[in-house]
Amino acid sequence: MRNVNPSFIAVLTAFLLGGAPLQSLAERPDSGITGSTIVLHPPGSPPYTFTPGIPWVSEPAAASFTVLRAASGEEVASITTAADGEFALLLRPGRYLLLAEPLEEGCYSPPEPIEVHVKGNRFTPVTISYYWFCFVIPF
């Protein structure tokens, strides 16, 4: 029986595991952010009427946002959520800014940038909320 070079075994194993070197498998982040995007508006159908004291309704919404490193402003990722607003993103531990883009439909204002602190070995929950801003005020 012929001796097989251990380097060959490592390369073959990496290839069979999807082409990723074994070292990079150990370095993959097991942390990040997970959450949803929602819209908040007065109850009823558009055009909404703002009535003081009546709680607003929240609904899931598809949206897009950009993830930046908080310290440098370097773009890390751009995300478009699922139709139900759900998202998840692997990120290394650190501080990030989420910049929400305007929604394609409706009169919803995007939130201010959201700072997120991602810790190792966990996913940080995030809710990105858009508020209705086209009001019909009853007299």
# chains A, B, ... in the order shown; residues from 1 in each chain; ligands from 1

call {"tool": "select_by_dssp", "arguments": {"residues": "stretch 65-119 of chain A", "states": "strand (DSSP E)", "output": "PyMOL selection string"}}
result
chain A and resi 65-69+75-80+86-90+94-100+108-109+114-118

call {"tool": "write_last_selection", "arguments": {"atoms": "N, CA and C atoms", "output": "PDB file, in the first residue's frame"}}
result
ATOM      1  N   PHE A  65     -31.285  47.509   3.696  1.00  0.00           N
ATOM      2  CA  PHE A  65     -30.426  48.352   4.518  1.00  0.00           C
ATOM      3  C   PHE A  65     -28.971  47.981   4.284  1.00  0.00           C
ATOM      4  N   THR A  66     -28.103  48.907   4.658  1.00  0.00           N
ATOM      5  CA  THR A  66     -26.661  48.738   4.508  1.00  0.00           C
ATOM      6  C   THR A  66     -26.045  48.610   5.885  1.00  0.00           C
ATOM      7  N   VAL A  67     -25.042  47.755   6.011  1.00  0.00           N
ATOM      8  CA  VAL A  67     -24.332  47.545   7.276  1.00  0.00           C
ATOM      9  C   VAL A  67     -22.933  48.131   7.134  1.00  0.00           C
ATOM     10  N   LEU A  68     -22.585  49.034   8.053  1.00  0.00           N
ATOM     11  CA  LEU A  68     -21.261  49.668   8.069  1.00  0.00           C
ATOM     12  C   LEU A  68     -20.542  49.347   9.366  1.00  0.00           C
ATOM     13  N   ARG A  69     -19.212  49.296   9.332  1.00  0.00           N
ATOM     14  CA  ARG A  69     -18.441  49.226  10.572  1.00  0.00           C
ATOM     15  C   ARG A  69     -18.582  50.583  11.253  1.00  0.00           C
ATOM     16  N   GLU A  75     -18.318  49.842   4.395  1.00  0.00           N
ATOM     17  CA  GLU A  75     -19.490  49.024   4.127  1.00  0.00           C
ATOM     18  C   GLU A  75     -19.132  47.554   4.248  1.00  0.00           C
ATOM     19  N   VAL A  76     -19.942  46.817   5.010  1.00  0.00           N
ATOM     20  CA  VAL A  76     -19.721  45.394   5.240  1.00  0.00           C
ATOM     21  C   VAL A  76     -20.692  44.562   4.409  1.00  0.00           C
ATOM     22  N   ALA A  77     -21.946  45.038   4.289  1.00  0.00           N
ATOM     23  CA  ALA A  77     -22.957  44.262   3.570  1.00  0.00           C
ATOM     24  C   ALA A  77     -24.133  45.153   3.199  1.00  0.00           C
ATOM     25  N   SER A  78     -24.888  44.712   2.209  1.00  0.00           N
ATOM     26  CA  SER A  78     -26.188  45.293   1.869  1.00  0.00           C
ATOM     27  C   SER A  78     -27.193  44.160   1.949  1.00  0.00           C
ATOM     28  N   ILE A  79     -28.310  44.422   2.590  1.00  0.00           N
ATOM     29  CA  ILE A  79     -29.305  43.380   2.844  1.00  0.00           C
ATOM     30  C   ILE A  79     -30.656  43.805   2.266  1.00  0.00           C
ATOM     31  N   THR A  80     -31.355  42.873   1.669  1.00  0.00           N
ATOM     32  CA  THR A  80     -32.767  43.038   1.352  1.00  0.00           C
ATOM     33  C   THR A  80     -33.477  41.912   2.085  1.00  0.00           C
ATOM     34  N   GLU A  86     -38.191  39.475   7.566  1.00  0.00           N
ATOM     35  CA  GLU A  86     -37.193  38.747   8.352  1.00  0.00           C
ATOM     36  C   GLU A  86     -35.818  38.790   7.688  1.00  0.00           C
ATOM     37  N   PHE A  87     -34.761  38.816   8.511  1.00  0.00           N
ATOM     38  CA  PHE A  87     -33.394  38.779   7.991  1.00  0.00           C
ATOM     39  C   PHE A  87     -32.457  38.173   9.018  1.00  0.00           C
ATOM     40  N   ALA A  88     -31.322  37.707   8.542  1.00  0.00           N
ATOM     41  CA  ALA A  88     -30.228  37.227   9.392  1.00  0.00           C
ATOM     42  C   ALA A  88     -28.936  37.453   8.616  1.00  0.00           C
ATOM     43  N   LEU A  89     -27.885  37.837   9.324  1.00  0.00           N
ATOM     44  CA  LEU A  89     -26.610  38.127   8.685  1.00  0.00           C
ATOM     45  C   LEU A  89     -25.483  37.719   9.622  1.00  0.00           C
ATOM     46  N   LEU A  90     -24.549  36.909   9.112  1.00  0.00           N
ATOM     47  CA  LEU A  90     -23.355  36.560   9.876  1.00  0.00           C
ATOM     48  C   LEU A  90     -22.423  37.765   9.917  1.00  0.00           C
ATOM     49  N   GLY A  94     -18.254  42.990  16.985  1.00  0.00           N
ATOM     50  CA  GLY A  94     -17.874  44.382  16.799  1.00  0.00           C
ATOM     51  C   GLY A  94     -19.097  45.276  16.796  1.00  0.00           C
ATOM     52  N   ARG A  95     -18.864  46.553  16.522  1.00  0.00           N
ATOM     53  CA  ARG A  95     -19.946  47.543  16.465  1.00  0.00           C
ATOM     54  C   ARG A  95     -20.222  47.899  15.009  1.00  0.00           C
ATOM     55  N   TYR A  96     -21.521  47.954  14.689  1.00  0.00           N
ATOM     56  CA  TYR A  96     -21.954  48.212  13.324  1.00  0.00           C
ATOM     57  C   TYR A  96     -23.063  49.254  13.314  1.00  0.00           C
ATOM     58  N   LEU A  97     -23.217  49.925  12.182  1.00  0.00           N
ATOM     59  CA  LEU A  97     -24.335  50.835  11.953  1.00  0.00           C
ATOM     60  C   LEU A  97     -25.206  50.258  10.852  1.00  0.00           C
ATOM     61  N   LEU A  98     -26.516  50.259  11.074  1.00  0.00           N
ATOM     62  CA  LEU A  98     -27.472  49.819  10.071  1.00  0.00           C
ATOM     63  C   LEU A  98     -28.137  51.063   9.498  1.00  0.00           C
ATOM     64  N   LEU A  99     -28.025  51.242   8.183  1.00  0.00           N
ATOM     65  CA  LEU A  99     -28.620  52.385   7.503  1.00  0.00           C
ATOM     66  C   LEU A  99     -29.781  51.898   6.649  1.00  0.00           C
ATOM     67  N   ALA A 100     -30.997  52.172   7.095  1.00  0.00           N
ATOM     68  CA  ALA A 100     -32.193  51.728   6.378  1.00  0.00           C
ATOM     69  C   ALA A 100     -32.440  52.605   5.167  1.00  0.00           C
ATOM     70  N   TYR A 108     -43.572  56.233   4.488  1.00  0.00           N
ATOM     71  CA  TYR A 108     -42.903  55.790   5.711  1.00  0.00           C
ATOM     72  C   TYR A 108     -41.517  56.410   5.767  1.00  0.00           C
ATOM     73  N   SER A 109     -41.168  56.939   6.930  1.00  0.00           N
ATOM     74  CA  SER A 109     -39.836  57.524   7.075  1.00  0.00           C
ATOM     75  C   SER A 109     -38.876  56.449   7.572  1.00  0.00           C
ATOM     76  N   ILE A 114     -29.023  52.833  13.088  1.00  0.00           N
ATOM     77  CA  ILE A 114     -29.127  52.005  14.295  1.00  0.00           C
ATOM     78  C   ILE A 114     -27.753  51.425  14.592  1.00  0.00           C
ATOM     79  N   GLU A 115     -27.236  51.679  15.800  1.00  0.00           N
ATOM     80  CA  GLU A 115     -25.953  51.095  16.177  1.00  0.00           C
ATOM     81  C   GLU A 115     -26.210  49.746  16.851  1.00  0.00           C
ATOM     82  N   VAL A 116     -25.457  48.746  16.418  1.00  0.00           N
ATOM     83  CA  VAL A 116     -25.620  47.383  16.926  1.00  0.00           C
ATOM     84  C   VAL A 116     -24.268  46.888  17.424  1.00  0.00           C
ATOM     85  N   HIS A 117     -24.269  46.281  18.609  1.00  0.00           N
ATOM     86  CA  HIS A 117     -23.050  45.681  19.143  1.00  0.00           C
ATOM     87  C   HIS A 117     -23.199  44.164  19.042  1.00  0.00           C
ATOM     88  N   VAL A 118     -22.415  43.555  18.173  1.00  0.00           N
ATOM     89  CA  VAL A 118     -22.442  42.103  17.976  1.00  0.00           C
ATOM     90  C   VAL A 118     -21.380  41.500  18.886  1.00  0.00           C
TER      91      VAL A 118
END

call {"tool": "closest_residue", "arguments": {"among": "A:Pro102, A:Pro125, A:Gly120, A:Gly53", "to": "A:Val39", "atoms": "only C-alpha atoms"}}
result
A:Pro102

call {"tool": "closest_residue", "arguments": {"among": "A:Ser64, A:Glu101, A:Asp84, A:Gly106", "to": "A:Ser45", "atoms": "only C-alpha atoms"}}
result
A:Gly106

call {"tool": "residues_around", "arguments": {"residues": "A:Val126", "least_positions_apart": "3", "cutoff": "8 Å", "atoms": "only C-alpha atoms", "output": "PyMOL selection string"}}
result
chain A and resi 33-36+116

call {"tool": "residues_around", "arguments": {"residues": "A:Ser31", "least_positions_apart": "6", "cutoff": "8 Å", "atoms": "only C-alpha atoms", "output": "compact mmCIF listing (two decimals) with C-alpha atoms, in the first residue's frame"}}
result
# COMPACT_ATOMS: atom_id res chain seq x y z
CA LEU A 90 -23.35 36.56 9.88
CA LEU A 91 -21.03 39.23 11.30
CA ARG A 92 -17.85 39.11 13.31
CA PRO A 93 -18.03 40.59 16.83
CA VAL A 118 -22.44 42.10 17.98
CA LYS A 119 -20.87 39.86 20.62
CA GLY A 120 -19.08 36.58 19.95
CA ASN A 121 -21.08 33.34 19.77
CA ARG A 122 -24.48 35.05 19.67
CA PHE A 123 -26.90 36.76 17.33
CA THR A 124 -28.04 40.25 18.28

call {"tool": "residues_around", "arguments": {"residues": "A:Ala62", "least_positions_apart": "5", "cutoff": "6 Å", "atoms": "only C-alpha atoms", "output": "list in words"}}
result
Thr81, Ala82, Ala83 and Gly85 of chain A

call {"tool": "atom_distance", "arguments": {"atom1": "atom CA of A:Ser129", "atom2": "atom CA of A:Pro43"}}
result
16.2 Å

call {"tool": "decode", "arguments": {"residues": "stretch 61-96 of chain A", "atoms": "N, CA and C atoms", "output": "JSON list (two decimals), in the first residue's frame"}}
result
[["chain", "number", "residue", "atom", "x", "y", "z"],
["A", 61, "ALA", "N", -42.63, 44.24, 6.87],
["A", 61, "ALA", "CA", -42.41, 44.87, 5.56],
["A", 61, "ALA", "C", -41.06, 44.48, 5.01],
["A", 62, "ALA", "N", -41.01, 44.23, 3.72],
["A", 62, "ALA", "CA", -39.73, 43.99, 3.05],
["A", 62, "ALA", "C", -39.00, 45.33, 2.96],
["A", 63, "ALA", "N", -37.70, 45.31, 3.23],
["A", 63, "ALA", "CA", -36.91, 46.54, 3.20],
["A", 63, "ALA", "C", -35.46, 46.19, 2.88],
["A", 64, "SER", "N", -34.68, 47.22, 2.63],
["A", 64, "SER", "CA", -33.25, 47.06, 2.37],
["A", 64, "SER", "C", -32.47, 47.96, 3.32],
["A", 65, "PHE", "N", -31.29, 47.51, 3.70],
["A", 65, "PHE", "CA", -30.43, 48.35, 4.52],
["A", 65, "PHE", "C", -28.97, 47.98, 4.28],
["A", 66, "THR", "N", -28.10, 48.91, 4.66],
["A", 66, "THR", "CA", -26.66, 48.74, 4.51],
["A", 66, "THR", "C", -26.05, 48.61, 5.89],
["A", 67, "VAL", "N", -25.04, 47.75, 6.01],
["A", 67, "VAL", "CA", -24.33, 47.55, 7.28],
["A", 67, "VAL", "C", -22.93, 48.13, 7.13],
["A", 68, "LEU", "N", -22.59, 49.03, 8.05],
["A", 68, "LEU", "CA", -21.26, 49.67, 8.07],
["A", 68, "LEU", "C", -20.54, 49.35, 9.37],
["A", 69, "ARG", "N", -19.21, 49.30, 9.33],
["A", 69, "ARG", "CA", -18.44, 49.23, 10.57],
["A", 69, "ARG", "C", -18.58, 50.58, 11.25],
["A", 70, "ALA", "N", -18.93, 50.59, 12.53],
["A", 70, "ALA", "CA", -19.17, 51.84, 13.23],
["A", 70, "ALA", "C", -17.91, 52.71, 13.31],
["A", 71, "ALA", "N", -16.77, 52.11, 13.51],
["A", 71, "ALA", "CA", -15.53, 52.87, 13.70],
["A", 71, "ALA", "C", -15.02, 53.50, 12.41],
["A", 72, "SER", "N", -15.10, 52.78, 11.31],
["A", 72, "SER", "CA", -14.49, 53.25, 10.07],
["A", 72, "SER", "C", -15.48, 53.71, 9.02],
["A", 73, "GLY", "N", -16.75, 53.32, 9.14],
["A", 73, "GLY", "CA", -17.74, 53.64, 8.11],
["A", 73, "GLY", "C", -17.64, 52.74, 6.89],
["A", 74, "GLU", "N", -16.77, 51.73, 6.95],
["A", 74, "GLU", "CA", -16.59, 50.80, 5.83],
["A", 74, "GLU", "C", -17.86, 49.96, 5.66],
["A", 75, "GLU", "N", -18.32, 49.84, 4.39],
["A", 75, "GLU", "CA", -19.49, 49.02, 4.13],
["A", 75, "GLU", "C", -19.13, 47.55, 4.25],
["A", 76, "VAL", "N", -19.94, 46.82, 5.01],
["A", 76, "VAL", "CA", -19.72, 45.39, 5.24],
["A", 76, "VAL", "C", -20.69, 44.56, 4.41],
["A", 77, "ALA", "N", -21.95, 45.04, 4.29],
["A", 77, "ALA", "CA", -22.96, 44.26, 3.57],
["A", 77, "ALA", "C", -24.13, 45.15, 3.20],
["A", 78, "SER", "N", -24.89, 44.71, 2.21],
["A", 78, "SER", "CA", -26.19, 45.29, 1.87],
["A", 78, "SER", "C", -27.19, 44.16, 1.95],
["A", 79, "ILE", "N", -28.31, 44.42, 2.59],
["A", 79, "ILE", "CA", -29.30, 43.38, 2.84],
["A", 79, "ILE", "C", -30.66, 43.80, 2.27],
["A", 80, "THR", "N", -31.36, 42.87, 1.67],
["A", 80, "THR", "CA", -32.77, 43.04, 1.35],
["A", 80, "THR", "C", -33.48, 41.91, 2.09],
["A", 81, "THR", "N", -34.43, 42.27, 2.91],
["A", 81, "THR", "CA", -35.11, 41.27, 3.73],
["A", 81, "THR", "C", -36.03, 40.41, 2.88],
["A", 82, "ALA", "N", -36.53, 39.36, 3.49],
["A", 82, "ALA", "CA", -37.57, 38.55, 2.87],
["A", 82, "ALA", "C", -38.86, 39.38, 2.83],
["A", 83, "ALA", "N", -39.85, 38.90, 2.11],
["A", 83, "ALA", "CA", -41.12, 39.62, 2.00],
["A", 83, "ALA", "C", -41.77, 39.85, 3.36],
["A", 84, "ASP", "N", -41.52, 38.94, 4.31],
["A", 84, "ASP", "CA", -42.10, 39.09, 5.65],
["A", 84, "ASP", "C", -41.23, 39.95, 6.57],
["A", 85, "GLY", "N", -40.19, 40.58, 6.01],
["A", 85, "GLY", "CA", -39.34, 41.48, 6.79],
["A", 85, "GLY", "C", -38.23, 40.80, 7.57],
["A", 86, "GLU", "N", -38.19, 39.48, 7.57],
["A", 86, "GLU", "CA", -37.19, 38.75, 8.35],
["A", 86, "GLU", "C", -35.82, 38.79, 7.69],
["A", 87, "PHE", "N", -34.76, 38.82, 8.51],
["A", 87, "PHE", "CA", -33.39, 38.78, 7.99],
["A", 87, "PHE", "C", -32.46, 38.17, 9.02],
["A", 88, "ALA", "N", -31.32, 37.71, 8.54],
["A", 88, "ALA", "CA", -30.23, 37.23, 9.39],
["A", 88, "ALA", "C", -28.94, 37.45, 8.62],
["A", 89, "LEU", "N", -27.89, 37.84, 9.32],
["A", 89, "LEU", "CA", -26.61, 38.13, 8.68],
["A", 89, "LEU", "C", -25.48, 37.72, 9.62],
["A", 90, "LEU", "N", -24.55, 36.91, 9.11],
["A", 90, "LEU", "CA", -23.35, 36.56, 9.88],
["A", 90, "LEU", "C", -22.42, 37.76, 9.92],
["A", 91, "LEU", "N", -21.99, 38.13, 11.12],
["A", 91, "LEU", "CA", -21.03, 39.23, 11.30],
["A", 91, "LEU", "C", -20.05, 38.85, 12.40],
["A", 92, "ARG", "N", -18.83, 39.30, 12.25],
["A", 92, "ARG", "CA", -17.85, 39.11, 13.31],
["A", 92, "ARG", "C", -18.20, 40.03, 14.47],
["A", 93, "PRO", "N", -17.77, 39.70, 15.69],
["A", 93, "PRO", "CA", -18.03, 40.59, 16.83],
["A", 93, "PRO", "C", -17.50, 42.00, 16.54],
["A", 94, "GLY", "N", -18.25, 42.99, 16.98],
["A", 94, "GLY", "CA", -17.87, 44.38, 16.80],
["A", 94, "GLY", "C", -19.10, 45.28, 16.80],
["A", 95, "ARG", "N", -18.86, 46.55, 16.52],
["A", 95, "ARG", "CA", -19.95, 47.54, 16.47],
["A", 95, "ARG", "C", -20.22, 47.90, 15.01],
["A", 96, "TYR", "N", -21.52, 47.95, 14.69],
["A", 96, "TYR", "CA", -21.95, 48.21, 13.32],
["A", 96, "TYR", "C", -23.06, 49.25, 13.31]]
